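Containing compact mmCIF, C-alpha atoms and all ligand atoms: my_file-v9.txt.
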# COMPACT_ATOMS: atom_id res chain seq x y z
CA MET A 1 0.00 0.00 0.00
CA ASP A 2 2.51 2.61 -1.12
CA ASP A 3 1.76 5.78 -3.02
CA ALA A 4 4.06 5.84 -6.06
CA PRO A 5 2.35 7.55 -8.98
CA GLY A 6 1.70 5.49 -12.13
CA ARG A 7 3.96 5.94 -15.14
CA GLY A 8 3.06 6.52 -18.78
CA GLY A 9 -0.48 6.80 -20.08
CA GLY A 10 -2.58 9.87 -20.75
CA SER A 11 -2.46 13.46 -19.66
CA GLN A 12 -1.59 13.16 -15.96
CA ALA A 13 -0.14 10.24 -14.05
CA ILE A 14 -2.74 8.45 -11.92
CA ALA A 15 -1.62 7.70 -8.35
CA PHE A 16 -2.54 4.38 -6.75
CA ILE A 17 -2.87 6.18 -3.39
CA ASP A 18 -2.20 9.95 -3.35
CA LEU A 19 -0.99 11.17 0.04
CA GLN A 20 0.33 14.41 -1.44
CA ALA A 21 -3.16 15.51 -2.52
CA GLN A 22 -4.29 15.27 1.11
CA ARG A 23 -1.20 17.17 2.19
CA ARG A 24 -2.04 19.98 -0.26
CA ARG A 25 -5.44 20.24 1.44
CA ILE A 26 -4.38 20.37 5.10
CA GLY A 27 -0.60 21.02 4.89
CA PRO A 28 -0.62 24.27 6.90
CA ARG A 29 -2.69 22.69 9.69
CA LEU A 30 -0.36 19.69 9.82
CA ASP A 31 2.71 21.93 9.91
CA ALA A 32 1.21 23.94 12.78
CA ALA A 33 0.33 20.75 14.71
CA ILE A 34 3.88 19.43 14.29
CA ALA A 35 5.39 22.80 15.27
CA ALA A 36 3.27 22.84 18.44
CA VAL A 37 4.71 19.48 19.53
CA LEU A 38 8.27 20.59 18.75
CA ALA A 39 7.63 23.68 20.90
CA HIS A 40 6.20 21.90 23.96
CA GLY A 41 8.68 19.05 23.69
CA GLN A 42 6.58 16.26 25.29
CA PHE A 43 7.47 13.73 22.61
CA ILE A 44 6.36 10.68 24.60
CA LEU A 45 2.72 10.57 25.79
CA GLY A 46 2.27 14.30 25.29
CA PRO A 47 -1.20 15.90 25.50
CA GLU A 48 -1.99 15.13 21.83
CA VAL A 49 -1.93 11.39 22.55
CA ARG A 50 -4.74 11.59 25.09
CA ALA A 51 -6.60 14.12 22.91
CA LEU A 52 -6.44 11.68 19.98
CA GLU A 53 -7.68 8.80 22.15
CA GLU A 54 -10.66 10.88 23.23
CA ALA A 55 -11.35 11.98 19.64
CA LEU A 56 -11.15 8.40 18.33
CA ALA A 57 -13.50 7.07 21.01
CA ARG A 58 -15.98 9.88 20.25
CA HIS A 59 -15.67 9.30 16.50
CA CYS A 60 -16.29 5.55 16.47
CA GLY A 61 -18.47 5.28 19.58
CA ALA A 62 -16.21 2.92 21.55
CA ALA A 63 -15.88 3.68 25.26
CA HIS A 64 -12.07 3.44 25.19
CA ALA A 65 -9.31 4.01 22.64
CA VAL A 66 -5.75 3.05 23.54
CA THR A 67 -3.23 4.22 20.95
CA CYS A 68 -0.03 2.30 20.28
CA SER A 69 3.04 1.92 18.08
CA ASN A 70 1.49 0.18 15.03
CA GLY A 71 -1.32 -2.13 13.95
CA THR A 72 0.67 -5.31 14.56
CA ASP A 73 1.36 -4.26 18.16
CA ALA A 74 -2.33 -3.33 18.51
CA LEU A 75 -3.18 -6.96 17.67
CA LEU A 76 -0.45 -8.30 19.97
CA LEU A 77 -1.44 -6.06 22.91
CA ALA A 78 -5.10 -7.03 22.48
CA LEU A 79 -4.22 -10.74 22.34
CA MET A 80 -2.10 -10.39 25.52
CA ALA A 81 -4.90 -8.49 27.26
CA LEU A 82 -7.42 -11.15 26.24
CA GLY A 83 -5.11 -13.76 27.74
CA ALA A 84 -4.24 -15.66 24.54
CA GLY A 85 -1.28 -17.94 25.07
CA ARG A 86 0.18 -21.43 24.83
CA GLY A 87 -2.34 -24.12 23.94
CA ASP A 88 -4.90 -21.64 22.63
CA ALA A 89 -6.23 -21.83 19.06
CA VAL A 90 -7.03 -18.44 17.51
CA PHE A 91 -8.93 -18.57 14.23
CA VAL A 92 -7.73 -16.22 11.47
CA PRO A 93 -8.52 -15.98 7.74
CA ALA A 94 -5.93 -17.44 5.35
CA TYR A 95 -6.30 -14.54 2.93
CA THR A 96 -4.89 -11.59 4.89
CA PHE A 97 -1.69 -9.73 5.64
CA ALA A 98 0.83 -11.82 7.61
CA ALA A 99 0.52 -9.59 10.72
CA THR A 100 -2.87 -11.11 11.66
CA ALA A 101 -1.39 -14.58 12.24
CA GLU A 102 2.02 -13.24 13.27
CA ALA A 103 0.57 -11.52 16.35
CA VAL A 104 -1.16 -14.76 17.39
CA ALA A 105 2.09 -16.73 17.16
CA LEU A 106 4.03 -13.96 18.99
CA ALA A 107 1.48 -14.14 21.84
CA GLY A 108 2.34 -17.86 22.13
CA ALA A 109 -1.00 -19.10 20.76
CA THR A 110 -1.57 -21.09 17.55
CA PRO A 111 -3.21 -19.50 14.51
CA VAL A 112 -5.73 -21.80 12.79
CA LEU A 113 -6.34 -20.77 9.17
CA VAL A 114 -9.93 -20.37 8.01
CA ASP A 115 -11.24 -19.89 4.46
CA CYS A 116 -12.75 -16.66 3.11
CA GLN A 117 -15.90 -15.88 1.19
CA ARG A 118 -15.28 -15.15 -2.45
CA GLY A 119 -17.56 -12.11 -2.71
CA SER A 120 -16.62 -10.23 0.47
CA ALA A 121 -13.04 -11.57 0.73
CA THR A 122 -13.62 -11.82 4.49
CA MET A 123 -13.80 -14.82 6.87
CA ASP A 124 -16.32 -17.52 5.93
CA PRO A 125 -18.48 -18.28 9.02
CA GLN A 126 -19.07 -21.89 7.86
CA SER A 127 -15.38 -22.60 7.42
CA LEU A 128 -14.86 -21.00 10.85
CA ALA A 129 -17.45 -23.26 12.50
CA ALA A 130 -15.88 -26.34 10.87
CA ALA A 131 -12.39 -25.30 12.02
CA ILE A 132 -13.57 -24.78 15.62
CA GLU A 133 -15.29 -28.17 15.69
CA ALA A 134 -12.23 -29.91 14.22
CA THR A 135 -9.99 -28.20 16.80
CA ASP A 136 -12.32 -29.30 19.61
CA ARG A 137 -12.26 -32.89 18.34
CA GLY A 138 -8.47 -32.82 17.87
CA GLY A 139 -8.01 -32.20 21.60
CA SER A 140 -4.49 -30.72 21.50
CA LEU A 141 -5.54 -27.04 21.26
CA ARG A 142 -8.26 -25.15 23.13
CA PRO A 143 -10.38 -22.84 20.90
CA ALA A 144 -10.00 -19.38 22.49
CA GLY A 145 -10.82 -16.61 20.05
CA ILE A 146 -11.43 -15.39 16.53
CA ILE A 147 -9.77 -12.58 14.55
CA PRO A 148 -11.96 -11.60 11.60
CA VAL A 149 -10.16 -9.23 9.19
CA ASP A 150 -12.01 -6.32 7.57
CA LEU A 151 -10.17 -6.87 4.32
CA PHE A 152 -9.82 -3.98 1.88
CA GLY A 153 -11.87 -1.87 4.33
CA GLN A 154 -15.07 -3.93 4.38
CA PRO A 155 -16.22 -5.06 7.84
CA ALA A 156 -16.40 -8.86 8.13
CA ASP A 157 -19.71 -10.64 8.74
CA TYR A 158 -19.74 -9.95 12.51
CA PRO A 159 -23.37 -11.05 13.07
CA ALA A 160 -22.70 -14.55 11.63
CA ILE A 161 -19.22 -14.83 13.16
CA GLY A 162 -20.63 -13.59 16.48
CA ALA A 163 -23.24 -16.35 16.47
CA VAL A 164 -20.51 -18.99 15.98
CA ALA A 165 -18.38 -17.36 18.69
CA ALA A 166 -21.27 -17.29 21.16
CA ARG A 167 -22.03 -20.98 20.52
CA HIS A 168 -18.47 -21.92 21.44
CA GLY A 169 -17.77 -19.24 24.08
CA LEU A 170 -14.98 -17.53 22.13
CA TRP A 171 -13.94 -13.86 22.11
CA ILE A 172 -13.68 -11.80 18.92
CA LEU A 173 -10.81 -9.42 18.19
CA ALA A 174 -11.40 -7.44 14.99
CA ASP A 175 -8.40 -6.80 12.73
CA ALA A 176 -9.60 -3.43 11.47
CA ALA A 177 -6.20 -2.27 10.18
CA GLN A 178 -7.83 -1.46 6.84
CA SER A 179 -11.34 -0.48 7.94
CA TYR A 180 -11.27 2.37 10.46
CA GLY A 181 -14.23 4.58 9.51
CA GLY A 182 -16.32 1.69 8.17
CA ALA A 183 -19.62 0.63 9.73
CA LEU A 184 -22.10 -2.23 9.91
CA ASN A 185 -25.82 -1.81 10.63
CA GLY A 186 -25.32 1.64 12.10
CA LYS A 187 -22.38 0.67 14.34
CA ARG A 188 -18.92 1.91 13.50
CA VAL A 189 -15.79 -0.20 13.28
CA GLY A 190 -14.37 -0.13 16.80
CA THR A 191 -17.66 -1.28 18.34
CA LEU A 192 -18.27 -4.51 16.38
CA ALA A 193 -16.14 -6.84 18.52
CA ARG A 194 -14.88 -7.28 22.11
CA ALA A 195 -11.72 -5.45 21.01
CA THR A 196 -10.72 -3.87 17.71
CA ALA A 197 -7.15 -3.35 16.50
CA THR A 198 -6.44 -0.73 13.86
CA SER A 199 -3.39 0.67 12.08
CA PHE A 200 -2.36 4.19 11.15
CA PHE A 201 0.25 3.06 8.58
CA PRO A 202 0.47 5.96 6.08
CA SER A 203 -1.63 4.39 3.32
CA LYS A 204 -4.48 3.11 5.51
CA PRO A 205 -7.76 5.09 5.42
CA LEU A 206 -6.65 7.00 8.56
CA GLY A 207 -2.87 7.12 8.26
CA CYS A 208 -0.13 9.07 10.01
CA TYR A 209 3.38 9.94 8.77
CA GLY A 210 5.04 6.82 10.13
CA ASP A 211 3.84 3.89 12.23
CA GLY A 212 0.86 4.02 14.56
CA GLY A 213 -2.09 1.99 15.79
CA ALA A 214 -4.88 1.74 18.36
CA VAL A 215 -7.08 -0.72 20.20
CA LEU A 216 -10.75 0.18 20.68
CA THR A 217 -12.99 -1.45 23.27
CA ASP A 218 -16.02 -0.87 25.49
CA ASP A 219 -14.48 -2.91 28.31
CA PRO A 220 -12.83 -0.69 30.97
CA ALA A 221 -10.81 -3.54 32.50
CA LEU A 222 -9.43 -4.51 29.08
CA ALA A 223 -8.53 -0.87 28.38
CA ALA A 224 -6.67 -0.57 31.69
CA LEU A 225 -4.77 -3.78 30.93
CA LEU A 226 -3.89 -2.50 27.44
CA ARG A 227 -2.50 0.74 28.92
CA SER A 228 -0.35 -1.22 31.34
CA LEU A 229 0.90 -3.70 28.71
CA GLN A 230 1.73 -0.86 26.34
CA GLN A 231 4.10 0.66 28.93
CA HIS A 232 6.19 -2.29 30.12
CA GLY A 233 3.40 -3.72 32.27
CA ARG A 234 3.36 -0.66 34.53
CA GLY A 235 1.26 -0.52 37.69
CA SER A 236 -0.23 2.64 39.13
CA GLY A 237 3.17 4.30 39.59
CA LYS A 238 6.19 4.61 37.36
CA HIS A 239 8.26 2.25 39.49
CA GLU A 240 5.97 -0.77 39.63
CA HIS A 241 5.81 -3.44 36.92
CA LEU A 242 2.88 -5.78 37.43
CA ARG A 243 3.33 -7.91 34.32
CA ILE A 244 5.52 -8.45 31.27
CA GLY A 245 4.58 -5.87 28.66
CA LEU A 246 6.02 -4.01 25.69
CA ASN A 247 7.21 -0.57 24.75
CA ALA A 248 4.39 0.10 22.29
CA ARG A 249 3.43 3.76 22.59
CA LEU A 250 2.26 6.09 19.84
CA ASP A 251 4.59 9.09 19.31
CA THR A 252 3.11 12.48 20.26
CA LEU A 253 4.05 13.80 16.79
CA GLN A 254 1.98 11.09 15.10
CA ALA A 255 -0.96 11.78 17.43
CA ALA A 256 -0.84 15.47 16.49
CA ILE A 257 -0.87 14.55 12.78
CA LEU A 258 -3.71 12.07 13.28
CA LEU A 259 -5.88 14.65 15.06
CA GLU A 260 -5.79 16.82 11.93
CA LYS A 261 -6.44 13.87 9.62
CA LEU A 262 -9.30 12.51 11.75
CA ALA A 263 -11.03 15.89 11.36
CA ILE A 264 -11.40 15.31 7.59
CA LEU A 265 -11.85 11.53 7.63
CA ASP A 266 -15.64 11.46 7.23
CA ASP A 267 -15.39 13.77 4.25
CA GLU A 268 -12.68 11.54 2.75
CA LEU A 269 -14.79 8.42 3.35
CA ALA A 270 -17.65 10.00 1.40
CA ALA A 271 -15.24 10.71 -1.47
CA ARG A 272 -14.05 7.07 -1.40
CA ASP A 273 -17.69 5.92 -1.50
CA ALA A 274 -18.22 8.00 -4.64
CA VAL A 275 -15.15 6.49 -6.35
CA ALA A 276 -16.32 2.97 -5.46
CA ALA A 277 -19.83 3.67 -6.78
CA ARG A 278 -18.45 4.97 -10.09
CA TYR A 279 -16.13 1.97 -10.45
CA ALA A 280 -18.96 -0.46 -9.72
CA ALA A 281 -21.25 1.20 -12.26
CA GLY A 282 -18.52 1.24 -14.90
CA LEU A 283 -17.04 -2.21 -14.32
CA GLY A 284 -19.76 -4.43 -12.88
CA ASP A 285 -20.51 -6.06 -16.24
CA VAL A 286 -16.88 -6.98 -17.09
CA ALA A 287 -15.32 -7.91 -13.72
CA THR A 288 -16.37 -9.11 -10.26
CA VAL A 289 -16.61 -5.87 -8.28
CA PRO A 290 -17.10 -5.52 -4.51
CA THR A 291 -20.78 -5.20 -3.63
CA PRO A 292 -21.18 -4.42 0.08
CA PRO A 293 -24.55 -5.65 1.36
CA PRO A 294 -27.13 -3.14 2.64
CA GLY A 295 -26.14 -1.73 6.03
CA LEU A 296 -22.41 -2.22 5.43
CA ARG A 297 -20.09 0.71 4.89
CA SER A 298 -16.59 -0.03 3.65
CA ALA A 299 -13.69 2.33 4.40
CA TRP A 300 -12.37 1.43 0.91
CA ALA A 301 -8.72 1.12 1.93
CA LEU A 302 -8.31 -0.75 -1.35
CA TYR A 303 -10.61 -1.42 -4.28
CA ALA A 304 -10.13 -5.01 -5.43
CA VAL A 305 -11.79 -6.43 -8.54
CA GLN A 306 -11.54 -10.12 -9.40
CA VAL A 307 -10.41 -10.99 -12.93
CA THR A 308 -9.67 -14.38 -14.47
CA ASP A 309 -6.36 -13.54 -16.22
CA ARG A 310 -4.87 -11.14 -13.69
CA ALA A 311 -1.30 -11.09 -15.06
CA ARG A 312 -2.52 -10.08 -18.51
CA ALA A 313 -4.93 -7.46 -17.14
CA ALA A 314 -2.25 -5.94 -14.88
CA ALA A 315 0.26 -5.75 -17.75
CA ARG A 316 -2.26 -4.07 -20.05
CA LEU A 317 -3.23 -1.60 -17.32
CA GLU A 318 0.40 -0.73 -16.71
CA GLU A 319 0.79 0.01 -20.44
CA ALA A 320 -2.24 2.29 -20.19
CA GLY A 321 -0.70 4.19 -17.26
CA VAL A 322 -3.03 2.75 -14.62
CA PRO A 323 -1.11 1.53 -11.54
CA THR A 324 -2.43 -1.64 -9.89
CA ARG A 325 -1.26 -3.75 -6.93
CA VAL A 326 -1.77 -7.34 -5.89
CA TYR A 327 -2.85 -8.05 -2.28
CA TYR A 328 -2.13 -10.84 -1.37
CA GLU A 329 -0.33 -12.95 -3.91
CA ARG A 330 0.26 -15.81 -1.47
CA PRO A 331 -2.30 -16.66 1.22
CA LEU A 332 -0.90 -17.62 4.62
CA HIS A 333 -1.09 -21.39 4.05
CA ARG A 334 1.39 -20.91 1.16
CA GLN A 335 3.86 -18.82 3.19
CA PRO A 336 6.93 -20.61 4.59
CA ALA A 337 6.38 -19.08 8.05
CA TYR A 338 2.71 -20.11 8.30
CA ARG A 339 2.15 -23.20 6.16
CA ASP A 340 2.59 -25.65 9.04
CA PHE A 341 -0.22 -24.18 11.14
CA PRO A 342 -3.58 -26.04 11.17
CA CYS A 343 -6.17 -25.26 8.47
CA ALA A 344 -9.97 -25.51 8.33
CA PRO A 345 -11.06 -29.08 7.38
CA GLY A 346 -12.90 -27.99 4.23
CA GLY A 347 -9.72 -26.51 2.74
CA LEU A 348 -8.87 -22.97 1.69
CA ALA A 349 -10.00 -22.96 -1.96
CA GLN A 350 -11.65 -19.52 -1.91
CA SER A 351 -8.56 -17.98 -0.33
CA ASP A 352 -6.48 -19.48 -3.14
CA ALA A 353 -8.87 -18.14 -5.77
CA LEU A 354 -8.79 -14.64 -4.26
CA ALA A 355 -5.00 -14.74 -4.13
CA GLU A 356 -4.97 -15.56 -7.84
CA GLN A 357 -7.65 -13.19 -9.09
CA ALA A 358 -7.86 -10.07 -6.90
CA LEU A 359 -6.39 -6.95 -8.48
CA CYS A 360 -6.43 -3.60 -6.70
CA LEU A 361 -7.18 -0.44 -8.69
CA PRO A 362 -6.24 3.15 -7.78
CA MET A 363 -8.34 4.24 -4.77
CA HIS A 364 -8.05 7.42 -2.71
CA PRO A 365 -10.34 10.35 -1.81
CA TYR A 366 -8.69 12.74 -4.26
CA LEU A 367 -9.06 10.61 -7.41
CA GLU A 368 -10.85 12.91 -9.80
CA ALA A 369 -13.76 11.91 -12.03
CA ASP A 370 -11.75 12.02 -15.27
CA ALA A 371 -9.04 9.82 -13.72
CA GLN A 372 -11.75 7.38 -12.55
CA ASP A 373 -13.12 7.27 -16.08
CA ARG A 374 -9.66 6.60 -17.48
CA VAL A 375 -9.26 3.72 -15.04
CA ILE A 376 -12.67 2.32 -16.00
CA ALA A 377 -11.97 2.56 -19.75
CA ALA A 378 -8.54 0.94 -19.32
CA VAL A 379 -9.91 -1.93 -17.21
CA ARG A 380 -12.68 -2.60 -19.74
CA LYS A 381 -10.04 -2.87 -22.48
CA ALA A 382 -7.65 -4.89 -20.35
CA VAL A 383 -10.15 -7.65 -19.55
CA ALA A 384 -11.77 -7.74 -23.00
C1 LIG B 401 -1.57 -3.11 7.79
C2 LIG B 401 -2.16 -4.32 8.39
C3 LIG B 401 -1.75 -4.80 9.65
C4 LIG B 401 -0.56 -4.28 10.39
O1 LIG B 401 -0.51 -2.92 10.61
P1 LIG B 401 0.90 -2.22 10.84
O2 LIG B 401 0.53 -0.87 11.35
O3 LIG B 401 1.59 -2.16 9.52
O4 LIG B 401 1.66 -3.01 11.84
C5 LIG B 401 -2.44 -5.88 10.19
N1 LIG B 401 -3.45 -6.46 9.54
C6 LIG B 401 -3.86 -6.05 8.33
C7 LIG B 401 -5.00 -6.73 7.67
C8 LIG B 401 -3.21 -4.97 7.70
O5 LIG B 401 -3.61 -4.57 6.49

Can you turn what I pasted into structure tokens?
Amino acid sequence: MDDAPGRGGGSQAIAFIDLQAQRRRIGPRLDAAIAAVLAHGQFILGPEVRALEEALARHCGAAHAVTCSNGTDALLLALMALGAGRGDAVFVPAYTFAATAEAVALAGATPVLVDCQRGSATMDPQSLAAAIEATDRGGSLRPAGIIPVDLFGQPADYPAIGAVAARHGLWILADAAQSYGGALNGKRVGTLARATATSFFPSKPLGCYGDGGAVLTDDPALAALLRSLQQHGRGSGKHEHLRIGLNARLDTLQAAILLEKLAILDDELAARDAVAARYAAGLGDVATVPTPPPGLRSAWALYAVQVTDRARAAARLEEAGVPTRVYYERPLHRQPAYRDFPCAPGGLAQSDALAEQALCLPMHPYLEADAQDRVIAAVRKAVA
């Protein structure tokens, strides 16, 4: 998810993700926010960090927001706070970024890989149920929790996954690294699971100028535990360490930048919605386009179409000056670090198909209508 502009093609290069356009909009405000931090000098846990946590909680409706160093640490901190450890099975989709399963393994638990649904590209509740039952029967691991991933910005099917979780007494930790700002049935991402981990990596829908992340939760005890874990397991005072934790704080500078970006996020999400609607209208008859069900709002971190001959389509689009990216070329069960972990009994065929056919098109809030039309025309030609 970088932001290099596309080469070649028509009048003006099309950017896959254009962070500079956002900077042109709010540059002076960002510069002032950064200057204020340099002037007060509280670089670690300065006032902007707490201000951002309050603004995030207000924005998404969660009772507590605990910021941290990045999205991977947000997952790890949440897993530690939920008590995941040795002997625990944590169910994750096979078609996701490595960090989802990585955090589980770092916490000492075992990731169990579950298949995805072809249309939504998110966790398949039936594959999940089968994986939990197989783990129960196997007897060597204890099913503990589930990490649905809101892939490409689209919230997973929390109602169906929640029903499976309730049946088996498992917690749900949402990997919302790509979906902050999204919503499902009137509830925003951050309130759809027991705990929600998000990332502020620069190219995510809400990104800073470096690494950052947060955990959102309604549970005050979990929030207090997260705050302790994030600062070396601190107790009430500076000199007491109650548990083994991490150094996983968000820099004050990044918090100051995020406060300015959060102020325009809803406006940017509306612009992303408009791009997605235009793409769907222009491409729905030649490619499989994402079609969020009623009540679901994607944050459109990425716009992935599914095409049968992806290599040919991507090459033709590059010739036409339209930059594309592939996420994720190899699902976790085909990665050397993850292929030995257990898989759902029905197999991971849909994850494999997504890994072969998903192609991400330029998507950002500042993609103008004529650029969108150039992308649409080029895709129509490329898949013809
Ligand atoms: C980006 C991402 C992460 C990790 O976030 P970082 O801030 O880069 O550590 C985790 N899961 C998913 C699905 C992601 O896209």

Do a neighbour search on A:Leu184 at 10 Å with all atoms listed in the file, toss out local chain neighbours closer than 2 positions, and write the hits as a CSV table (one decimal) with C-alpha atoms, in the frame of the given file.
chain,number,residue,atom,x,y,z
A,154,GLN,CA,-15.1,-3.9,4.4
A,155,PRO,CA,-16.2,-5.1,7.8
A,156,ALA,CA,-16.4,-8.9,8.1
A,157,ASP,CA,-19.7,-10.6,8.7
A,158,TYR,CA,-19.7,-10.0,12.5
A,159,PRO,CA,-23.4,-11.0,13.1
A,182,GLY,CA,-16.3,1.7,8.2
A,186,GLY,CA,-25.3,1.6,12.1
A,187,LYS,CA,-22.4,0.7,14.3
A,188,ARG,CA,-18.9,1.9,13.5
A,189,VAL,CA,-15.8,-0.2,13.3
A,191,THR,CA,-17.7,-1.3,18.3
A,192,LEU,CA,-18.3,-4.5,16.4
A,293,PRO,CA,-24.6,-5.6,1.4
A,294,PRO,CA,-27.1,-3.1,2.6
A,295,GLY,CA,-26.1,-1.7,6.0
A,296,LEU,CA,-22.4,-2.2,5.4
A,297,ARG,CA,-20.1,0.7,4.9
A,298,SER,CA,-16.6,0.0,3.6

> Within 7 Å of ligand LIG 401 (chain B), counting only C-alpha atoms and all ligand atoms: which residues, as a list in words?
Replying inline: Asn70, Gly71, Thr72, Asp73, Thr96, Phe97, Ala99, Thr100, Val149, Leu151, Asp175, Ala176, Ala177, Gln178, Ser199, Phe200, Phe201, Asp211, Gly212 and Gly213 of chain A

Proximity of stretch 41-141 of chain A to stretch 245-263 of chain A: per-residue shortest pair, 10 Å limit, all atoms listed in the file, as JSON lines:
{"residue": "A:Gly41", "atom": "CA", "partner": "A:Thr252", "partner_atom": "CA", "distance": 9.3}
{"residue": "A:Gln42", "atom": "CA", "partner": "A:Thr252", "partner_atom": "CA", "distance": 7.2}
{"residue": "A:Phe43", "atom": "CA", "partner": "A:Thr252", "partner_atom": "CA", "distance": 5.1}
{"residue": "A:Ile44", "atom": "CA", "partner": "A:Thr252", "partner_atom": "CA", "distance": 5.7}
{"residue": "A:Leu45", "atom": "CA", "partner": "A:Thr252", "partner_atom": "CA", "distance": 5.9}
{"residue": "A:Gly46", "atom": "CA", "partner": "A:Thr252", "partner_atom": "CA", "distance": 5.4}
{"residue": "A:Pro47", "atom": "CA", "partner": "A:Thr252", "partner_atom": "CA", "distance": 7.6}
{"residue": "A:Glu48", "atom": "CA", "partner": "A:Ala256", "partner_atom": "CA", "distance": 5.5}
{"residue": "A:Val49", "atom": "CA", "partner": "A:Ala255", "partner_atom": "CA", "distance": 5.2}
{"residue": "A:Arg50", "atom": "CA", "partner": "A:Ala255", "partner_atom": "CA", "distance": 8.5}
{"residue": "A:Ala51", "atom": "CA", "partner": "A:Leu259", "partner_atom": "CA", "distance": 7.9}
{"residue": "A:Leu52", "atom": "CA", "partner": "A:Leu259", "partner_atom": "CA", "distance": 5.8}
{"residue": "A:Glu53", "atom": "CA", "partner": "A:Ala255", "partner_atom": "CA", "distance": 8.7}
{"residue": "A:Ala55", "atom": "CA", "partner": "A:Leu259", "partner_atom": "CA", "distance": 7.6}
{"residue": "A:Leu56", "atom": "CA", "partner": "A:Leu262", "partner_atom": "CA", "distance": 8.0}
{"residue": "A:His59", "atom": "CA", "partner": "A:Leu262", "partner_atom": "CA", "distance": 8.6}
{"residue": "A:Val66", "atom": "CA", "partner": "A:Arg249", "partner_atom": "CA", "distance": 9.3}
{"residue": "A:Thr67", "atom": "CA", "partner": "A:Leu250", "partner_atom": "CA", "distance": 5.9}
{"residue": "A:Cys68", "atom": "CA", "partner": "A:Arg249", "partner_atom": "CA", "distance": 4.4}
{"residue": "A:Ser69", "atom": "CA", "partner": "A:Leu250", "partner_atom": "CA", "distance": 4.6}
{"residue": "A:Asn70", "atom": "CA", "partner": "A:Leu250", "partner_atom": "CA", "distance": 7.7}
{"residue": "A:Asp73", "atom": "CA", "partner": "A:Ala248", "partner_atom": "CA", "distance": 6.7}
{"residue": "A:Ala74", "atom": "CA", "partner": "A:Ala248", "partner_atom": "CA", "distance": 8.4}
{"residue": "A:Leu76", "atom": "CA", "partner": "A:Leu246", "partner_atom": "CA", "distance": 9.6}
{"residue": "A:Leu77", "atom": "CA", "partner": "A:Leu246", "partner_atom": "CA", "distance": 8.2}
{"residue": "A:Met80", "atom": "CA", "partner": "A:Gly245", "partner_atom": "CA", "distance": 8.7}
{"residue": "A:Ala81", "atom": "CA", "partner": "A:Gly245", "partner_atom": "CA", "distance": 9.9}

>> One number please: atom CA of A:Leu361 to atom CA of A:Ala304, in Å, one decimal.
In response: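 Atom-to-atom, atom CA of A:Leu361 to atom CA of A:Ala304, that is 6.3 Å.
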
> A:Ala21: which residues within 12 Å, counting all atoms listed in the file, same-chain residues fewer than 3 positions away excluded, as a ChimeraX atom specification?
Replying inline: /A:3,5,14-18,24-27,268,364-368

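Atom pair atom CA of A:Pro202 / atom CA of A:Trp300: separated by 14.6 Å.
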
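When atom CA of A:Asp219 is paired with atom CA of A:Lys238, their separation reads 23.8 Å.
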
> Near stretch 346-348 of chain A, counting only C-alpha atoms, which residues have an atom at most 9 Å away, once you skip same-chain residues fewer than 6 positions from it, shown as a PyMOL selection string?
Replying inline: chain A and resi 94-95+113-116+127+130-131+333

> With all atoms listed in the file as the basis for distance, which of A:His232, A:Arg86, A:Arg278, A:His64 is at the shortest distance from A:Val104?
Replying inline: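 Residue with the minimum atom-to-atom distance to A:Val104: A:Arg86.
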
>> So, with all atoms listed in the file as the atoms that count, which of A:Ala349, A:Ala277, A:Cys60, A:Ala355 lies closest to A:Thr291?
In response: A:Ala277

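In terms of minimum interatomic distance to A:Arg312, A:Val379 ranks closest within A:Ser203, A:Leu170, A:Ala89, A:Val379, counting all atoms listed in the file.
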